[in-house]
Every structure is written in C-alpha cells, then in structure tokens.
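Please read the structure below before turning to the comments.
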Amino acid sequence: MQGRLEKPDFLLFSSGELKEEYISIPKESRAASNAIFDVILEAKACSIPIDNKKIKGNPHFQILRYLSSLKKDYGFLSNGRTWCFLDNSKLTSTKVFYEIDLEAILEMDAEEALEDSLVDELLCKSRHIEALIEISL
C-alpha cells in the first residue's frame, strides 16, 4: 500500500534457515523482504473481539489488508480465546477457513473433549492446514 508500512505482530517461517535469512537482513530493508516468510499471525488482547462487525478498527479487516498488501495467502488472527485461520488464496467473500474457540475446548473436561466432535474436527482440520501450508511452499 502506498505510504503505509504494514507491520503484522508475528511472521511465521517454514524453516529455521529462512528465519535466519530474514534476521540477517538489515531492519531498514526488511519491509521489502516479504518473500521470505510464509504466514502472518496477528494477535489481539483477550478482550478484543476478532471480528467486531465494523469496518474501521476491525482486526478481521486488518489481517486481510496485511495479507493483500504483503501478497500472502495464509494468516492467523487470535485474541487468545478464538483462533482464525484465514485463506486469502482464492477470490471468495469468506476468507476464514477455520475458526477455533479455544476457550470452549479448554473448559471441557478431558473425557468430554475426547468425545466431542469438535476436537476430532480440529485435529482433522489441523492436518489439512499443514497440507495447505506445505503445498504453498
């Protein structure tokens, strides 16, 4: 974006070597080096909803803006309680690929969590997410 420096909270790398390569770039030149990292993670305070249904000041739109301007396909958005995996690789109106209510999962007792289809679905989706990230690399 012209005149705007996008600064996501975290950059995720597919290997330690790529992370080291990025770190070796002088800080003033890193803004032009977005090809090295793979995924963006934007973190918010626990009290901030990750989608407040507003246009201005909405974390959901913030990470979509980061993904678009940095030309990245995948990102995570979290306030610690809720985690969203976003897929910006396709032109669709829905960018949230998967959303996890971690708070609800952690409130379950172990037996209930094992029986709950949400945990099964989470494990299945996590394998799918790993495959998507691997394919994009």
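Following the order of the structure tokens, first chain is A, next is B, and so on, with residues numbered from 1 inside each chain and ligands from 1 in the order they appear.
Within 7 Å of segment 58-74 of chain A there are Met1, Glu6, Asn34, Val39, Ile40, Glu42, Ile50, Asp51, Asn52, Leu86, Asp87, Asn88 and Ser89 of chain A, counting only C-alpha atoms and ignoring same-chain residues fewer than 5 positions away.
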Expected file: the selected residues, N, CA, C and O atoms, as a PDB file, in the first residue's frame:
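The result, written out as part-v4.pdb:
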```pdb
ATOM      1  N   MET A   1       0.855  -1.177   0.000  1.00  0.00           N
ATOM      2  CA  MET A   1       0.000   0.000   0.000  1.00  0.00           C
ATOM      3  C   MET A   1       0.895   1.233   0.000  1.00  0.00           C
ATOM      4  O   MET A   1       1.858   1.303   0.763  1.00  0.00           O
ATOM      5  N   GLU A   6       3.007  -1.915   6.553  1.00  0.00           N
ATOM      6  CA  GLU A   6       2.241  -2.947   7.244  1.00  0.00           C
ATOM      7  C   GLU A   6       3.167  -3.686   8.198  1.00  0.00           C
ATOM      8  O   GLU A   6       4.238  -4.133   7.800  1.00  0.00           O
ATOM      9  N   ASN A  34       9.336  -9.433   1.962  1.00  0.00           N
ATOM     10  CA  ASN A  34       8.217 -10.264   2.414  1.00  0.00           C
ATOM     11  C   ASN A  34       8.139 -11.621   1.718  1.00  0.00           C
ATOM     12  O   ASN A  34       7.274 -12.416   2.027  1.00  0.00           O
ATOM     13  N   VAL A  39       3.678 -17.103   6.619  1.00  0.00           N
ATOM     14  CA  VAL A  39       2.356 -16.906   7.207  1.00  0.00           C
ATOM     15  C   VAL A  39       2.431 -15.740   8.189  1.00  0.00           C
ATOM     16  O   VAL A  39       3.457 -15.534   8.842  1.00  0.00           O
ATOM     17  N   ILE A  40       1.341 -14.994   8.285  1.00  0.00           N
ATOM     18  CA  ILE A  40       1.243 -13.860   9.205  1.00  0.00           C
ATOM     19  C   ILE A  40       0.377 -14.267  10.395  1.00  0.00           C
ATOM     20  O   ILE A  40      -0.643 -14.940  10.221  1.00  0.00           O
ATOM     21  N   GLU A  42      -1.561 -12.276  13.499  1.00  0.00           N
ATOM     22  CA  GLU A  42      -1.943 -11.021  14.138  1.00  0.00           C
ATOM     23  C   GLU A  42      -2.602 -11.362  15.463  1.00  0.00           C
ATOM     24  O   GLU A  42      -3.561 -12.131  15.516  1.00  0.00           O
ATOM     25  N   ILE A  50     -12.301 -10.582  17.646  1.00  0.00           N
ATOM     26  CA  ILE A  50     -11.507 -10.639  16.421  1.00  0.00           C
ATOM     27  C   ILE A  50     -12.299 -10.193  15.199  1.00  0.00           C
ATOM     28  O   ILE A  50     -11.718  -9.921  14.161  1.00  0.00           O
ATOM     29  N   ASP A  51     -13.599 -10.099  15.322  1.00  0.00           N
ATOM     30  CA  ASP A  51     -14.421  -9.501  14.271  1.00  0.00           C
ATOM     31  C   ASP A  51     -15.535  -8.727  14.956  1.00  0.00           C
ATOM     32  O   ASP A  51     -16.511  -9.288  15.424  1.00  0.00           O
ATOM     33  N   ASN A  52     -15.380  -7.413  15.018  1.00  0.00           N
ATOM     34  CA  ASN A  52     -16.354  -6.585  15.727  1.00  0.00           C
ATOM     35  C   ASN A  52     -17.496  -6.087  14.840  1.00  0.00           C
ATOM     36  O   ASN A  52     -18.281  -5.241  15.252  1.00  0.00           O
ATOM     37  N   LEU A  86      -7.016 -17.932   8.189  1.00  0.00           N
ATOM     38  CA  LEU A  86      -7.564 -17.268   7.012  1.00  0.00           C
ATOM     39  C   LEU A  86      -6.850 -17.732   5.755  1.00  0.00           C
ATOM     40  O   LEU A  86      -5.629 -17.864   5.736  1.00  0.00           O
ATOM     41  N   ASP A  87      -7.642 -17.963   4.723  1.00  0.00           N
ATOM     42  CA  ASP A  87      -7.123 -18.376   3.422  1.00  0.00           C
ATOM     43  C   ASP A  87      -7.464 -17.272   2.432  1.00  0.00           C
ATOM     44  O   ASP A  87      -8.613 -17.083   2.064  1.00  0.00           O
ATOM     45  N   ASN A  88      -6.468 -16.536   2.018  1.00  0.00           N
ATOM     46  CA  ASN A  88      -6.646 -15.424   1.091  1.00  0.00           C
ATOM     47  C   ASN A  88      -6.229 -15.807  -0.326  1.00  0.00           C
ATOM     48  O   ASN A  88      -6.069 -14.961  -1.185  1.00  0.00           O
ATOM     49  N   SER A  89      -6.057 -17.119  -0.566  1.00  0.00           N
ATOM     50  CA  SER A  89      -5.534 -17.570  -1.855  1.00  0.00           C
ATOM     51  C   SER A  89      -6.581 -17.583  -2.959  1.00  0.00           C
ATOM     52  O   SER A  89      -6.247 -17.589  -4.133  1.00  0.00           O
TER      53      SER A  89
END
```
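Once segment 101-104 of chain A and its same-chain neighbours fewer than 3 positions away are set aside, Ser78, Gly80, Arg81, Thr82, Trp83, Cys84, Glu107, Met108, Ala113 and Leu118 of chain A remain within 10 Å of it when counting only C-alpha atoms.
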Mind dumping the selected residues with N, CA and C atoms as a PDB file, in the first residue's frame?
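What follows is the written file result03.pdb:
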```
ATOM      1  N   SER A  78      -5.833 -14.021  16.223  1.00  0.00           N
ATOM      2  CA  SER A  78      -6.246 -14.572  17.515  1.00  0.00           C
ATOM      3  C   SER A  78      -6.284 -13.502  18.591  1.00  0.00           C
ATOM      4  N   GLY A  80      -6.375 -14.997  21.632  1.00  0.00           N
ATOM      5  CA  GLY A  80      -6.054 -15.981  22.655  1.00  0.00           C
ATOM      6  C   GLY A  80      -7.206 -16.931  22.938  1.00  0.00           C
ATOM      7  N   ARG A  81      -8.418 -16.426  22.898  1.00  0.00           N
ATOM      8  CA  ARG A  81      -9.604 -17.260  23.129  1.00  0.00           C
ATOM      9  C   ARG A  81     -10.088 -17.888  21.836  1.00  0.00           C
ATOM     10  N   THR A  82     -10.078 -17.099  20.780  1.00  0.00           N
ATOM     11  CA  THR A  82     -10.539 -17.548  19.469  1.00  0.00           C
ATOM     12  C   THR A  82      -9.382 -17.440  18.487  1.00  0.00           C
ATOM     13  N   TRP A  83      -9.218 -18.494  17.696  1.00  0.00           N
ATOM     14  CA  TRP A  83      -8.183 -18.523  16.672  1.00  0.00           C
ATOM     15  C   TRP A  83      -8.842 -18.709  15.315  1.00  0.00           C
ATOM     16  N   CYS A  84      -8.484 -17.865  14.359  1.00  0.00           N
ATOM     17  CA  CYS A  84      -8.992 -17.991  12.986  1.00  0.00           C
ATOM     18  C   CYS A  84      -7.822 -18.237  12.046  1.00  0.00           C
ATOM     19  N   GLU A 107     -12.375 -25.486  28.427  1.00  0.00           N
ATOM     20  CA  GLU A 107     -13.340 -25.614  29.517  1.00  0.00           C
ATOM     21  C   GLU A 107     -13.915 -27.028  29.612  1.00  0.00           C
ATOM     22  N   MET A 108     -13.765 -27.831  28.580  1.00  0.00           N
ATOM     23  CA  MET A 108     -14.257 -29.204  28.610  1.00  0.00           C
ATOM     24  C   MET A 108     -13.351 -30.047  29.494  1.00  0.00           C
ATOM     25  N   ALA A 113     -13.885 -33.720  26.056  1.00  0.00           N
ATOM     26  CA  ALA A 113     -13.141 -33.236  24.894  1.00  0.00           C
ATOM     27  C   ALA A 113     -12.850 -34.361  23.915  1.00  0.00           C
ATOM     28  N   LEU A 118     -15.890 -31.705  18.025  1.00  0.00           N
ATOM     29  CA  LEU A 118     -15.100 -30.507  17.766  1.00  0.00           C
ATOM     30  C   LEU A 118     -13.605 -30.815  17.803  1.00  0.00           C
TER      31      LEU A 118
END
```
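Atom CA of Ser14 of chain A sits 11.7 Å away from atom CA of Ala35 of chain A.
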Point to revise | Who sits within 8 Å of segment 19-26 of chain A, only C-alpha atoms, same chain under 6 positions skipped, as an MDAnalysis selection string | key: chainID A and resid 13 33 36:37
Take the residues from that selection and write them out as a PDB file, in the first residue's frame, keeping N, CA and C atoms.
```
ATOM      1  N   PHE A  13       7.777 -18.678   9.705  1.00  0.00           N
ATOM      2  CA  PHE A  13       8.690 -19.154   8.674  1.00  0.00           C
ATOM      3  C   PHE A  13       8.581 -20.666   8.554  1.00  0.00           C
ATOM      4  N   SER A  33      11.226  -7.290   2.074  1.00  0.00           N
ATOM      5  CA  SER A  33      11.644  -8.693   2.024  1.00  0.00           C
ATOM      6  C   SER A  33      10.538  -9.644   2.439  1.00  0.00           C
ATOM      7  N   ILE A  36      10.294 -13.974   2.118  1.00  0.00           N
ATOM      8  CA  ILE A  36      10.981 -14.971   2.935  1.00  0.00           C
ATOM      9  C   ILE A  36      10.049 -15.643   3.943  1.00  0.00           C
ATOM     10  N   PHE A  37       9.109 -14.901   4.522  1.00  0.00           N
ATOM     11  CA  PHE A  37       8.209 -15.513   5.496  1.00  0.00           C
ATOM     12  C   PHE A  37       6.983 -16.087   4.796  1.00  0.00           C
TER      13      PHE A  37
END
```
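Take the candidates A:Cys46, A:Leu77, A:Leu106, A:Ile100 and check each one against Phe10 of chain A using only C-alpha atoms; the shortest distance goes to A:Leu77.
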Exercise for review: Per DSSP on the backbone, filter segment 2-121 of chain A down to the residues in alpha helix (DSSP H) and report them as a PyMOL selection string.
Suggested key: chain A and resi 16-24+59-69+102-107+110-115+117-121
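Pairwise distance (atom CA of Asn79 of chain A, atom CA of Leu11 of chain A) equals 16.4 Å.
Taking atom CA of Asp9 of chain A as the reference point, atom CA of Leu91 of chain A is found at 24.8 Å.
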